[in-house]
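Structure file data_36.cif (mmCIF, C-alpha atoms and all ligand atoms) follows.
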data_target
#
loop_
_atom_site.label_atom_id
_atom_site.label_comp_id
_atom_site.auth_asym_id
_atom_site.auth_seq_id
_atom_site.Cartn_x
_atom_site.Cartn_y
_atom_site.Cartn_z
CA MET A 1 50.59 13.42 7.63
CA THR A 2 46.97 13.65 8.68
CA MET A 3 44.72 11.67 6.40
CA LEU A 4 41.61 13.15 4.86
CA TYR A 5 39.30 10.30 5.77
CA LEU A 6 36.63 9.65 3.15
CA ASP A 7 35.89 6.03 3.94
CA HIS A 8 33.14 6.40 6.54
CA ALA A 9 31.14 3.66 4.80
CA ALA A 10 33.88 1.19 5.81
CA THR A 11 33.94 2.45 9.38
CA THR A 12 33.68 5.71 11.29
CA PRO A 13 36.00 7.09 13.95
CA LEU A 14 34.64 6.62 17.48
CA ARG A 15 32.63 9.62 18.66
CA PRO A 16 34.01 11.15 21.89
CA GLU A 17 30.60 10.67 23.54
CA ALA A 18 30.94 6.92 22.94
CA ALA A 19 34.53 6.73 24.19
CA GLU A 20 33.57 8.59 27.36
CA ALA A 21 30.53 6.41 28.01
CA MET A 22 32.56 3.23 27.46
CA ALA A 23 35.53 4.07 29.71
CA PRO A 24 34.03 2.89 33.06
CA TYR A 25 32.97 -0.42 31.50
CA LEU A 26 36.50 -1.06 30.29
CA GLY A 27 37.70 -0.42 33.86
CA GLU A 28 36.03 -0.66 37.23
CA MET A 29 32.58 -1.68 35.92
CA TYR A 30 33.74 -5.04 34.64
CA GLY A 31 30.82 -7.21 35.73
CA ASN A 32 29.13 -9.89 33.70
CA PRO A 33 25.51 -8.71 33.48
CA SER A 34 24.25 -12.27 33.79
CA GLY A 35 25.45 -12.71 37.39
CA ILE A 36 23.48 -12.15 40.61
CA HIS A 37 25.79 -10.00 42.75
CA ASP A 38 26.27 -6.26 42.87
CA VAL A 39 29.20 -6.16 40.44
CA SER A 40 27.02 -7.90 37.87
CA ARG A 41 24.00 -5.80 38.72
CA ARG A 42 25.83 -2.60 37.88
CA ALA A 43 26.74 -3.98 34.45
CA LYS A 44 23.21 -5.27 33.98
CA ASN A 45 21.79 -1.84 34.82
CA ALA A 46 24.06 -0.22 32.23
CA LEU A 47 23.09 -2.83 29.65
CA GLU A 48 19.37 -2.40 30.19
CA ASP A 49 19.68 1.38 30.34
CA ALA A 50 21.44 1.29 26.92
CA ARG A 51 18.72 -1.00 25.56
CA GLU A 52 15.96 1.34 26.77
CA ARG A 53 17.67 4.41 25.32
CA ILE A 54 18.21 2.70 21.97
CA ALA A 55 14.64 1.37 21.89
CA SER A 56 13.34 4.85 22.61
CA ILE A 57 15.47 6.46 19.87
CA LEU A 58 14.35 3.84 17.37
CA GLY A 59 10.72 3.99 18.44
CA ALA A 60 10.59 0.28 19.30
CA ALA A 61 7.41 -0.93 20.98
CA ALA A 62 9.43 -2.50 23.83
CA PRO A 63 13.12 -2.45 24.86
CA LEU A 64 13.39 -6.23 24.34
CA GLU A 65 12.77 -5.74 20.64
CA VAL A 66 16.42 -4.64 20.58
CA VAL A 67 18.66 -7.73 20.37
CA PHE A 68 22.34 -6.94 20.87
CA THR A 69 24.76 -8.76 18.59
CA GLY A 70 28.41 -8.77 17.64
CA GLY A 71 27.88 -6.36 14.70
CA GLY A 72 26.19 -5.98 11.36
CA THR A 73 27.37 -9.30 9.97
CA GLU A 74 25.97 -11.21 12.89
CA SER A 75 22.68 -9.29 12.81
CA ASP A 76 22.35 -10.12 9.11
CA ASN A 77 23.01 -13.80 9.85
CA LEU A 78 20.27 -13.77 12.48
CA GLY A 79 17.96 -11.72 10.28
CA VAL A 80 18.20 -14.17 7.38
CA LYS A 81 18.78 -17.59 8.97
CA GLY A 82 16.66 -16.84 12.04
CA PRO A 83 13.28 -16.85 10.27
CA ALA A 84 14.38 -19.43 7.66
CA PHE A 85 15.24 -22.02 10.33
CA ALA A 86 12.56 -21.04 12.87
CA GLY A 87 10.59 -23.96 14.27
CA GLY A 88 12.89 -26.51 12.64
CA ARG A 89 11.80 -25.40 9.17
CA ARG A 90 13.75 -24.97 5.99
CA GLY A 91 11.83 -21.87 4.95
CA GLY A 92 12.34 -20.10 1.66
CA ILE A 93 14.55 -17.02 1.32
CA VAL A 94 14.17 -14.18 -1.17
CA THR A 95 16.94 -11.63 -1.40
CA THR A 96 18.72 -9.50 -4.01
CA GLU A 97 21.97 -9.54 -5.92
CA ILE A 98 23.18 -6.30 -4.34
CA GLU A 99 23.01 -7.35 -0.68
CA HIS A 100 26.07 -7.28 1.55
CA GLU A 101 27.95 -10.59 1.68
CA ALA A 102 26.69 -11.06 5.24
CA VAL A 103 23.18 -11.51 3.82
CA LEU A 104 24.15 -13.31 0.63
CA ALA A 105 26.48 -15.80 2.33
CA SER A 106 23.88 -16.49 5.04
CA ALA A 107 21.27 -17.12 2.35
CA ARG A 108 23.59 -19.38 0.36
CA PHE A 109 24.46 -21.37 3.47
CA ALA A 110 20.80 -21.81 4.35
CA HIS A 111 20.19 -22.92 0.78
CA SER A 112 22.99 -25.48 1.03
CA VAL A 113 21.08 -27.15 3.88
CA GLY A 114 17.72 -27.13 2.19
CA CYS A 115 16.14 -23.67 2.20
CA PRO A 116 14.73 -22.67 -1.19
CA LEU A 117 16.50 -19.50 -2.35
CA THR A 118 15.72 -16.84 -4.95
CA ILE A 119 18.16 -14.03 -5.57
CA VAL A 120 16.40 -11.22 -7.41
CA GLY A 121 18.30 -9.07 -9.89
CA VAL A 122 18.57 -5.31 -9.76
CA GLU A 123 17.88 -2.64 -12.37
CA ALA A 124 20.80 -1.01 -14.18
CA ASP A 125 20.36 2.08 -12.00
CA GLY A 126 21.02 0.04 -8.84
CA VAL A 127 17.45 0.12 -7.56
CA VAL A 128 15.57 -3.05 -6.63
CA GLU A 129 12.15 -3.20 -8.31
CA PRO A 130 9.60 -4.19 -5.62
CA SER A 131 7.42 -6.14 -8.05
CA ARG A 132 10.36 -8.41 -8.94
CA VAL A 133 10.80 -9.21 -5.24
CA ALA A 134 7.05 -9.81 -4.83
CA GLU A 135 7.01 -12.17 -7.81
CA ALA A 136 9.67 -14.30 -6.15
CA VAL A 137 7.75 -14.52 -2.86
CA GLY A 138 5.60 -17.63 -2.56
CA PRO A 139 3.80 -19.68 0.06
CA ASP A 140 7.08 -21.29 1.21
CA THR A 141 8.89 -17.95 1.67
CA ALA A 142 9.94 -17.50 5.30
CA VAL A 143 12.08 -14.39 4.88
CA VAL A 144 12.66 -11.57 2.43
CA SER A 145 15.88 -9.58 2.88
CA VAL A 146 16.40 -6.31 1.02
CA MET A 147 18.84 -3.67 2.19
CA ALA A 148 17.80 -0.07 2.96
CA ALA A 149 20.83 1.43 1.19
CA ASN A 150 23.71 -0.18 -0.62
CA ASN A 151 27.14 0.02 0.98
CA GLU A 152 29.00 0.44 -2.31
CA THR A 153 26.86 2.76 -4.39
CA GLY A 154 24.96 4.44 -1.55
CA ILE A 155 21.75 3.91 -3.51
CA THR A 156 18.66 3.74 -1.31
CA GLN A 157 16.00 1.12 -1.89
CA PRO A 158 12.19 1.47 -1.86
CA ILE A 159 11.84 -0.65 1.27
CA ARG A 160 8.30 0.39 2.16
CA LYS A 161 7.08 -0.72 -1.27
CA VAL A 162 9.14 -3.91 -1.14
CA VAL A 163 7.52 -4.79 2.18
CA GLU A 164 4.00 -3.93 1.00
CA GLU A 165 4.32 -5.97 -2.17
CA ALA A 166 6.13 -8.90 -0.52
CA LYS A 167 3.49 -9.11 2.22
CA ALA A 168 0.76 -8.94 -0.41
CA SER A 169 2.31 -12.09 -1.94
CA ASN A 170 2.71 -13.80 1.44
CA PRO A 171 1.56 -12.03 4.63
CA ASP A 172 3.48 -14.54 6.77
CA ALA A 173 6.84 -13.78 5.17
CA VAL A 174 9.17 -11.94 7.57
CA VAL A 175 10.94 -8.96 6.01
CA HIS A 176 14.48 -8.13 7.05
CA THR A 177 16.30 -4.97 6.02
CA ASP A 178 19.99 -4.23 6.46
CA ALA A 179 20.03 -0.55 7.40
CA VAL A 180 23.72 -0.49 8.36
CA GLN A 181 24.58 2.27 5.86
CA ALA A 182 21.27 4.10 5.81
CA PHE A 183 20.87 4.77 9.52
CA VAL A 184 23.39 7.56 10.01
CA ALA A 185 21.66 9.85 7.52
CA THR A 186 18.06 8.68 7.50
CA GLU A 187 15.50 7.61 10.04
CA VAL A 188 14.95 3.86 9.66
CA THR A 189 12.07 2.51 11.68
CA ALA A 190 9.85 -0.56 11.67
CA ASP A 191 6.83 1.73 11.26
CA GLY A 192 8.39 3.70 8.44
CA THR A 193 9.72 0.74 6.48
CA GLY A 194 7.20 -1.89 7.55
CA ALA A 195 10.12 -4.29 8.08
CA ASP A 196 9.98 -6.92 10.83
CA LEU A 197 13.74 -7.13 11.36
CA ILE A 198 16.29 -4.33 11.03
CA THR A 199 20.08 -4.67 11.17
CA LEU A 200 22.25 -1.85 12.54
CA ALA A 201 25.98 -1.75 13.27
CA GLY A 202 27.54 0.57 15.88
CA HIS A 203 30.73 1.38 14.02
CA LYS A 204 28.93 2.97 11.07
CA PHE A 205 27.53 5.80 13.20
CA GLY A 206 30.43 6.65 15.50
CA GLY A 207 30.14 3.68 17.87
CA PRO A 208 32.67 0.93 18.50
CA LYS A 209 33.32 -2.00 16.18
CA GLY A 210 32.11 -5.51 16.98
CA VAL A 211 28.71 -4.50 18.31
CA GLY A 212 25.38 -4.15 16.57
CA LEU A 213 21.77 -4.97 16.96
CA LEU A 214 18.87 -6.64 15.29
CA TRP A 215 15.58 -4.85 15.89
CA VAL A 216 13.11 -7.71 16.16
CA THR A 217 9.52 -6.51 16.12
CA GLU A 218 7.01 -8.34 18.26
CA GLY A 219 5.83 -11.65 16.88
CA SER A 220 8.91 -12.47 14.78
CA VAL A 221 10.12 -15.94 15.67
CA LEU A 222 13.81 -16.64 15.13
CA GLU A 223 16.15 -19.59 15.42
CA PRO A 224 19.29 -18.15 17.07
CA ALA A 225 22.38 -17.75 14.92
CA VAL A 226 24.59 -18.12 18.03
CA HIS A 227 23.61 -20.86 20.49
CA GLY A 228 24.76 -20.98 24.09
CA GLY A 229 23.85 -19.69 27.53
CA GLY A 230 20.58 -18.08 26.50
CA GLN A 231 21.33 -14.35 26.81
CA GLU A 232 19.05 -11.94 24.91
CA LEU A 233 16.05 -14.22 25.58
CA GLY A 234 17.91 -17.02 23.86
CA ARG A 235 18.09 -15.08 20.62
CA ARG A 236 21.81 -14.33 20.91
CA SER A 237 23.90 -16.15 23.46
CA GLY A 238 27.25 -14.96 24.74
CA THR A 239 28.45 -12.65 27.49
CA HIS A 240 27.41 -9.13 26.61
CA ASN A 241 29.92 -6.63 25.30
CA VAL A 242 28.79 -4.11 27.90
CA ALA A 243 31.28 -1.39 27.01
CA GLY A 244 30.48 -1.77 23.33
CA ILE A 245 26.74 -1.65 23.89
CA VAL A 246 26.99 1.40 26.15
CA GLY A 247 29.23 3.06 23.54
CA MET A 248 26.82 2.21 20.75
CA ALA A 249 23.94 3.78 22.70
CA ALA A 250 25.91 6.99 23.27
CA ALA A 251 26.99 7.13 19.62
CA MET A 252 23.42 6.57 18.46
CA GLU A 253 22.16 9.42 20.63
CA ALA A 254 24.84 11.72 19.26
CA ALA A 255 24.27 10.61 15.65
CA VAL A 256 20.52 11.03 15.80
CA ALA A 257 20.76 14.43 17.55
CA ASP A 258 23.18 15.51 14.80
CA ARG A 259 21.34 13.91 11.88
CA ALA A 260 19.82 16.96 10.20
CA PHE A 261 23.09 18.87 10.51
CA PHE A 262 25.01 15.78 9.32
CA ARG A 263 22.85 15.50 6.21
CA ASP A 264 23.36 19.15 5.33
CA ARG A 265 27.08 19.10 5.97
CA VAL A 266 27.91 15.86 4.14
CA SER A 267 25.67 16.60 1.17
CA GLN A 268 27.17 20.07 0.82
CA GLU A 269 30.72 18.67 0.90
CA ARG A 270 29.78 15.78 -1.40
CA ASP A 271 28.15 18.14 -3.91
CA ARG A 272 31.14 20.50 -3.96
CA PHE A 273 33.43 17.51 -4.33
CA GLU A 274 31.46 16.15 -7.27
CA ALA A 275 31.13 19.54 -8.97
CA ALA A 276 34.90 20.00 -8.90
CA LEU A 277 35.44 16.53 -10.35
CA VAL A 278 32.88 17.07 -13.12
CA ALA A 279 34.62 20.31 -14.08
CA ALA A 280 37.98 18.52 -14.34
CA PHE A 281 36.69 15.29 -15.90
CA PRO A 282 33.61 15.95 -18.04
CA ASP A 283 33.45 12.24 -18.91
CA ILE A 284 33.23 11.13 -15.26
CA GLU A 285 30.45 8.57 -14.73
CA PHE A 286 28.49 8.51 -11.49
CA THR A 287 26.94 5.19 -10.56
CA GLY A 288 23.22 4.49 -10.44
CA ARG A 289 20.14 6.60 -9.88
CA LEU A 290 21.55 9.77 -8.37
CA GLU A 291 18.32 11.07 -6.88
CA ASP A 292 18.08 7.90 -4.76
CA ARG A 293 21.30 7.87 -2.83
CA LEU A 294 22.61 8.59 0.62
CA PRO A 295 23.88 12.15 1.02
CA GLN A 296 27.29 11.01 2.28
CA HIS A 297 28.18 8.68 -0.60
CA SER A 298 29.86 9.41 -3.90
CA HIS A 299 30.47 6.52 -6.28
CA PHE A 300 31.89 7.02 -9.75
CA ARG A 301 34.57 6.12 -12.23
CA ILE A 302 36.97 8.23 -14.20
CA PRO A 303 37.27 6.40 -17.53
CA GLY A 304 40.82 5.26 -18.21
CA VAL A 305 41.94 5.53 -14.57
CA SER A 306 42.40 2.31 -12.61
CA ALA A 307 40.78 2.51 -9.18
CA GLU A 308 43.51 0.44 -7.58
CA THR A 309 46.35 2.61 -8.92
CA LEU A 310 44.56 5.83 -8.07
CA LEU A 311 43.75 4.67 -4.54
CA ILE A 312 47.41 3.85 -3.90
CA ARG A 313 48.41 7.35 -5.06
CA LEU A 314 45.62 8.92 -3.01
CA ASP A 315 46.76 7.02 0.05
CA GLN A 316 50.26 8.41 -0.43
CA ALA A 317 48.80 11.89 -0.95
CA GLY A 318 46.77 11.66 2.29
CA VAL A 319 43.27 10.77 1.08
CA ALA A 320 41.64 7.55 2.34
CA ALA A 321 38.92 6.11 0.09
CA ALA A 322 37.74 2.76 -1.25
CA ALA A 323 37.14 0.80 -4.40
CA GLY A 324 33.80 -0.97 -4.23
CA SER A 325 33.24 -2.62 -0.88
CA ALA A 326 36.05 -2.54 1.66
CA CYS A 327 34.09 -4.56 4.19
CA HIS A 328 35.27 -7.98 3.23
CA SER A 329 38.69 -7.63 1.66
CA GLY A 330 41.70 -5.44 1.19
CA ALA A 331 41.96 -6.59 -2.40
CA VAL A 332 40.30 -4.81 -5.29
CA GLU A 333 38.08 -7.36 -6.97
CA VAL A 334 35.12 -6.90 -9.28
CA SER A 335 32.20 -5.96 -7.16
CA HIS A 336 29.14 -8.22 -7.22
CA VAL A 337 26.98 -5.10 -6.86
CA LEU A 338 28.37 -3.41 -9.96
CA ALA A 339 28.25 -6.69 -11.88
CA ALA A 340 24.56 -7.02 -10.91
CA MET A 341 23.96 -3.54 -12.32
CA GLY A 342 25.47 -4.72 -15.60
CA MET A 343 28.74 -2.83 -15.37
CA GLU A 344 31.54 -4.32 -17.46
CA PRO A 345 34.48 -5.68 -15.43
CA GLN A 346 36.87 -3.12 -16.91
CA ALA A 347 34.58 -0.24 -15.91
CA ALA A 348 34.02 -1.78 -12.48
CA ALA A 349 37.80 -1.82 -11.97
CA GLU A 350 37.69 1.97 -12.27
CA ALA A 351 34.94 2.44 -9.68
CA LEU A 352 35.70 4.47 -6.59
CA ARG A 353 33.75 5.11 -3.41
CA PHE A 354 34.18 8.24 -1.31
CA SER A 355 32.09 8.42 1.84
CA PHE A 356 31.82 11.49 4.04
CA GLY A 357 30.93 11.32 7.73
CA TRP A 358 30.72 12.94 11.13
CA THR A 359 34.38 13.98 11.08
CA THR A 360 34.00 15.75 7.73
CA ARG A 361 34.82 19.47 7.98
CA PRO A 362 33.89 22.31 5.66
CA GLY A 363 36.39 22.35 2.80
CA ASP A 364 37.14 18.61 2.90
CA GLY A 365 35.19 17.97 -0.31
CA ALA A 366 37.07 20.62 -2.27
CA GLU A 367 40.42 19.56 -0.82
CA ALA A 368 39.84 15.89 -1.69
CA ALA A 369 38.75 16.81 -5.21
CA THR A 370 41.94 18.84 -5.78
CA THR A 371 44.08 15.87 -4.76
CA ILE A 372 42.09 13.43 -6.90
CA ILE A 373 42.30 15.71 -9.92
CA THR A 374 46.10 15.98 -9.59
CA GLU A 375 46.59 12.24 -9.09
CA ALA A 376 44.09 11.08 -11.73
CA GLN A 377 45.42 13.52 -14.34
CA ALA A 378 48.89 12.08 -13.78
CA LEU A 379 47.49 8.64 -14.63
CA ARG A 380 45.60 9.59 -17.76
C1 LIG B 1 25.39 -2.85 4.40
C2 LIG B 1 26.30 -3.55 5.36
N1 LIG B 1 25.86 -4.63 6.01
C3 LIG B 1 26.63 -5.29 6.87
C4 LIG B 1 27.91 -4.87 7.14
C5 LIG B 1 28.72 -5.65 8.11
O1 LIG B 1 28.74 -5.01 9.36
P1 LIG B 1 29.91 -5.32 10.41
O2 LIG B 1 31.15 -4.73 9.82
O3 LIG B 1 29.48 -4.59 11.66
O4 LIG B 1 29.97 -6.78 10.61
C6 LIG B 1 28.43 -3.75 6.46
C7 LIG B 1 29.80 -3.25 6.59
O5 LIG B 1 30.68 -3.66 7.18
C8 LIG B 1 27.59 -3.06 5.57
O6 LIG B 1 28.02 -1.99 4.91
#

Rewrite the structure of this file - the entire thing - as structure tokens.
Amino acid sequence: MTMLYLDHAATTPLRPEAAEAMAPYLGEMYGNPSGIHDVSRRAKNALEDARERIASILGAAAPLEVVFTGGGTESDNLGVKGPAFAGGRRGGIVTTEIEHEAVLASARFAHSVGCPLTIVGVEADGVVEPSRVAEAVGPDTAVVSVMAANNETGITQPIRKVVEEAKASNPDAVVHTDAVQAFVATEVTADGTGADLITLAGHKFGGPKGVGLLWVTEGSVLEPAVHGGGQELGRRSGTHNVAGIVGMAAAMEAAVADRAFFRDRVSQERDRFEAALVAAFPDIEFTGRLEDRLPQHSHFRIPGVSAETLLIRLDQAGVAAAAGSACHSGAVEVSHVLAAMGMEPQAAAEALRFSFGWTTRPGDGAEAATTIITEAQALR
């Protein structure tokens, strides 16, 4: 049975461009880019070529603004703890209740060793109010971390305003944004958002897993999250994942070239999908402010239908989807994001996330809706 894959927010299948670009670096081009001989040099050339291509796609001022990491989680750790611990400080952290655990757990750890921490709440529609962030920013704030789009609800955040207002409260505060989910559908740049640090993860846009980057704009000083041999100008030690980085660069080129088409295709499928569900379940409840969400996400609940039970039936019927966030567990537990939005635990246990992506074909939305309608009606 081929699965209808609607869990692209958890991870995306590898794009063929990435697989092809990676193949030599999983084979004959095995060098460690930190060495001095020709085998190393070839790997180093590939690494720096990938960095230049990525920096140029992103619009970074210099290639070395791109710091390669072991994925979104690690970039978030560096983005939060890096400025908080810079220069031996215990700087203050301001973040929000709806951040990914990679940000929240980093912030809580930093707090446990002395960094002041404020976690700002979110409005019932899932949107962070910039003035609430700005109010929490004070003279001791080293870093503000607010995501560009939420991984569960798909709701996009007013990052530009968050940055403007946070910097008005403290111009020295570094602003980090986790753009892991936003990037595939929307341009996320330091100029556009005003952010100093931006997290991206390769596997959310058709690249391999276990590789990501932190875009560190000039002047941002970071304590490394991974200490060691001093790679990446000391900002992230460890032998480079050359194949992964080369694959991420190829996937990024393909994703960005395809972005306008991607947006049209996924939003069309998502809209058809939702229209069919609304027709079958007039009491369906979509989550959050619908005009502010990524075009590939659909997050809702069908009252009276348990997400866990429905997902098991959907899995058996060939549709792969998620309840809340699938990033950190296989278990269905009440989502901290939905709780922050004020959703009751029983309603949260009915919440489902369907995420379309680059493998989505015309008709997938309608086909998925038909299966969901059959399976959910059987449970009602
Ligand atoms: C918003 C967000 N941030 C961070 C991560 C973690 O990235 P990674 O899986 O590459 O560690 C994810 C998902 O996994 C995510 O959705």

Worksheet item: Nearest to ligand LIG 1 (chain B) among A:Ser145, A:Ser131, A:Asn150, A:Thr370, with distances taken over all atoms listed in the file: which residue is it?
Response: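 Among the listed residues, the smallest separation from ligand LIG 1 (chain B) belongs to A:Asn150.
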
Worksheet entry | Expected residue set, 12 Å radius at (17.0, 1.1, 10.0), only C-alpha atoms, as a VMD selection string | chain A and resid 57 to 60 72 146 to 149 156 to 157 159 to 160 176 to 201 205 212 to 216 252

Discussion item. Give me the residues near Glu52 (chain A) as JSON, numbers by chain, where near means some atom within 9 Å (using all atoms listed in the file) and where sequence neighbours in that chain fewer than 4 positions away do not count.
Written reply: {"A": [47, 48, 56, 57, 62, 63, 64, 66]}

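When CA of Gln377 (chain A) is paired with CA of Leu310 (chain A), their separation reads 10.0 Å.
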
Worksheet entry | Test item: residues at most 9 Å from Tyr5 (chain A), only C-alpha atoms, excluding those fewer than 5 positions along its chain, as a list in words |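 With the cut-off at 9 Å, the set is Gly318, Val319, Ala320, Ala321, Phe354, Ser355, Phe356, Gly357, Thr359 and Thr360 of chain A.
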
Item to complete: Rounded to one decimal place, report the CA of Asp271 (chain A)-CA of Gly365 (chain A) distance in Å.
Response: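 Pair CA of Asp271 (chain A) / CA of Gly365 (chain A) returns 7.9 Å.
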
Worksheet item: For Val162 (chain A), which of A:Met343, A:Val143, A:Val128, A:Val278 is the closest residue, counting all atoms listed in the file?
Response: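 The answer is A:Val128, which sits nearest to Val162 (chain A).
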
Worksheet entry | Among listed residues A:His37, A:Phe68, A:Pro24, A:Met1, nearest Glu232 (chain A) (using only C-alpha atoms) | A:Phe68

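Between CA of Leu277 (chain A) and CA of Phe300 (chain A) the separation is 10.2 Å.
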
Worksheet item: Leaving out Glu165 (chain A) and any residue of its chain fewer than 6 positions from it, which residues lie within 8 Å of it when counting only C-alpha atoms, given as a PyMOL selection string?
Response: chain A and resi 130-131+133-134

All heavy atoms are what I want for region 171-178 of chain A; can you complete it accordingly and write them as a short mmCIF file (atom, residue, chain, number, x, y, z; two decimals), in the coordinates of the input?
data_model
loop_
_atom_site.label_atom_id
_atom_site.label_comp_id
_atom_site.auth_asym_id
_atom_site.auth_seq_id
_atom_site.Cartn_x
_atom_site.Cartn_y
_atom_site.Cartn_z
N PRO A 171 1.60 -12.84 3.40
CA PRO A 171 1.56 -12.03 4.63
C PRO A 171 2.40 -12.61 5.76
O PRO A 171 2.77 -11.89 6.69
CB PRO A 171 0.07 -12.04 5.03
CG PRO A 171 -0.68 -12.63 3.87
CD PRO A 171 0.29 -13.37 3.02
N ASP A 172 2.70 -13.92 5.69
CA ASP A 172 3.48 -14.54 6.77
C ASP A 172 4.99 -14.40 6.57
O ASP A 172 5.78 -14.77 7.45
CB ASP A 172 3.14 -16.03 6.88
CG ASP A 172 1.69 -16.24 7.29
OD1 ASP A 172 1.17 -15.36 8.01
OD2 ASP A 172 1.09 -17.25 6.87
N ALA A 173 5.40 -13.92 5.41
CA ALA A 173 6.84 -13.78 5.17
C ALA A 173 7.38 -12.66 6.07
O ALA A 173 6.77 -11.60 6.20
CB ALA A 173 7.10 -13.44 3.71
N VAL A 174 8.50 -12.93 6.72
CA VAL A 174 9.17 -11.94 7.57
C VAL A 174 10.07 -11.11 6.67
O VAL A 174 10.77 -11.66 5.82
CB VAL A 174 9.99 -12.69 8.65
CG1 VAL A 174 10.93 -11.75 9.38
CG2 VAL A 174 9.06 -13.39 9.63
N VAL A 175 10.05 -9.78 6.84
CA VAL A 175 10.94 -8.96 6.01
C VAL A 175 12.07 -8.40 6.87
O VAL A 175 11.84 -7.79 7.92
CB VAL A 175 10.19 -7.82 5.30
CG1 VAL A 175 11.16 -7.03 4.42
CG2 VAL A 175 9.05 -8.38 4.46
N HIS A 176 13.28 -8.64 6.40
CA HIS A 176 14.48 -8.13 7.05
C HIS A 176 15.09 -7.06 6.17
O HIS A 176 15.13 -7.20 4.95
CB HIS A 176 15.49 -9.29 7.22
CG HIS A 176 16.88 -8.82 7.59
ND1 HIS A 176 17.94 -8.91 6.72
CD2 HIS A 176 17.35 -8.23 8.72
CE1 HIS A 176 19.03 -8.42 7.32
NE2 HIS A 176 18.70 -8.00 8.52
N THR A 177 15.54 -5.96 6.80
CA THR A 177 16.30 -4.97 6.02
C THR A 177 17.61 -4.65 6.73
O THR A 177 17.64 -4.47 7.96
CB THR A 177 15.47 -3.70 5.73
OG1 THR A 177 16.19 -2.92 4.77
CG2 THR A 177 15.21 -2.84 6.95
N ASP A 178 18.68 -4.62 5.95
CA ASP A 178 19.99 -4.23 6.46
C ASP A 178 20.10 -2.72 6.29
O ASP A 178 20.20 -2.22 5.17
CB ASP A 178 21.06 -4.98 5.64
CG ASP A 178 22.48 -4.54 6.00
OD1 ASP A 178 22.65 -3.43 6.50
OD2 ASP A 178 23.41 -5.33 5.74
#
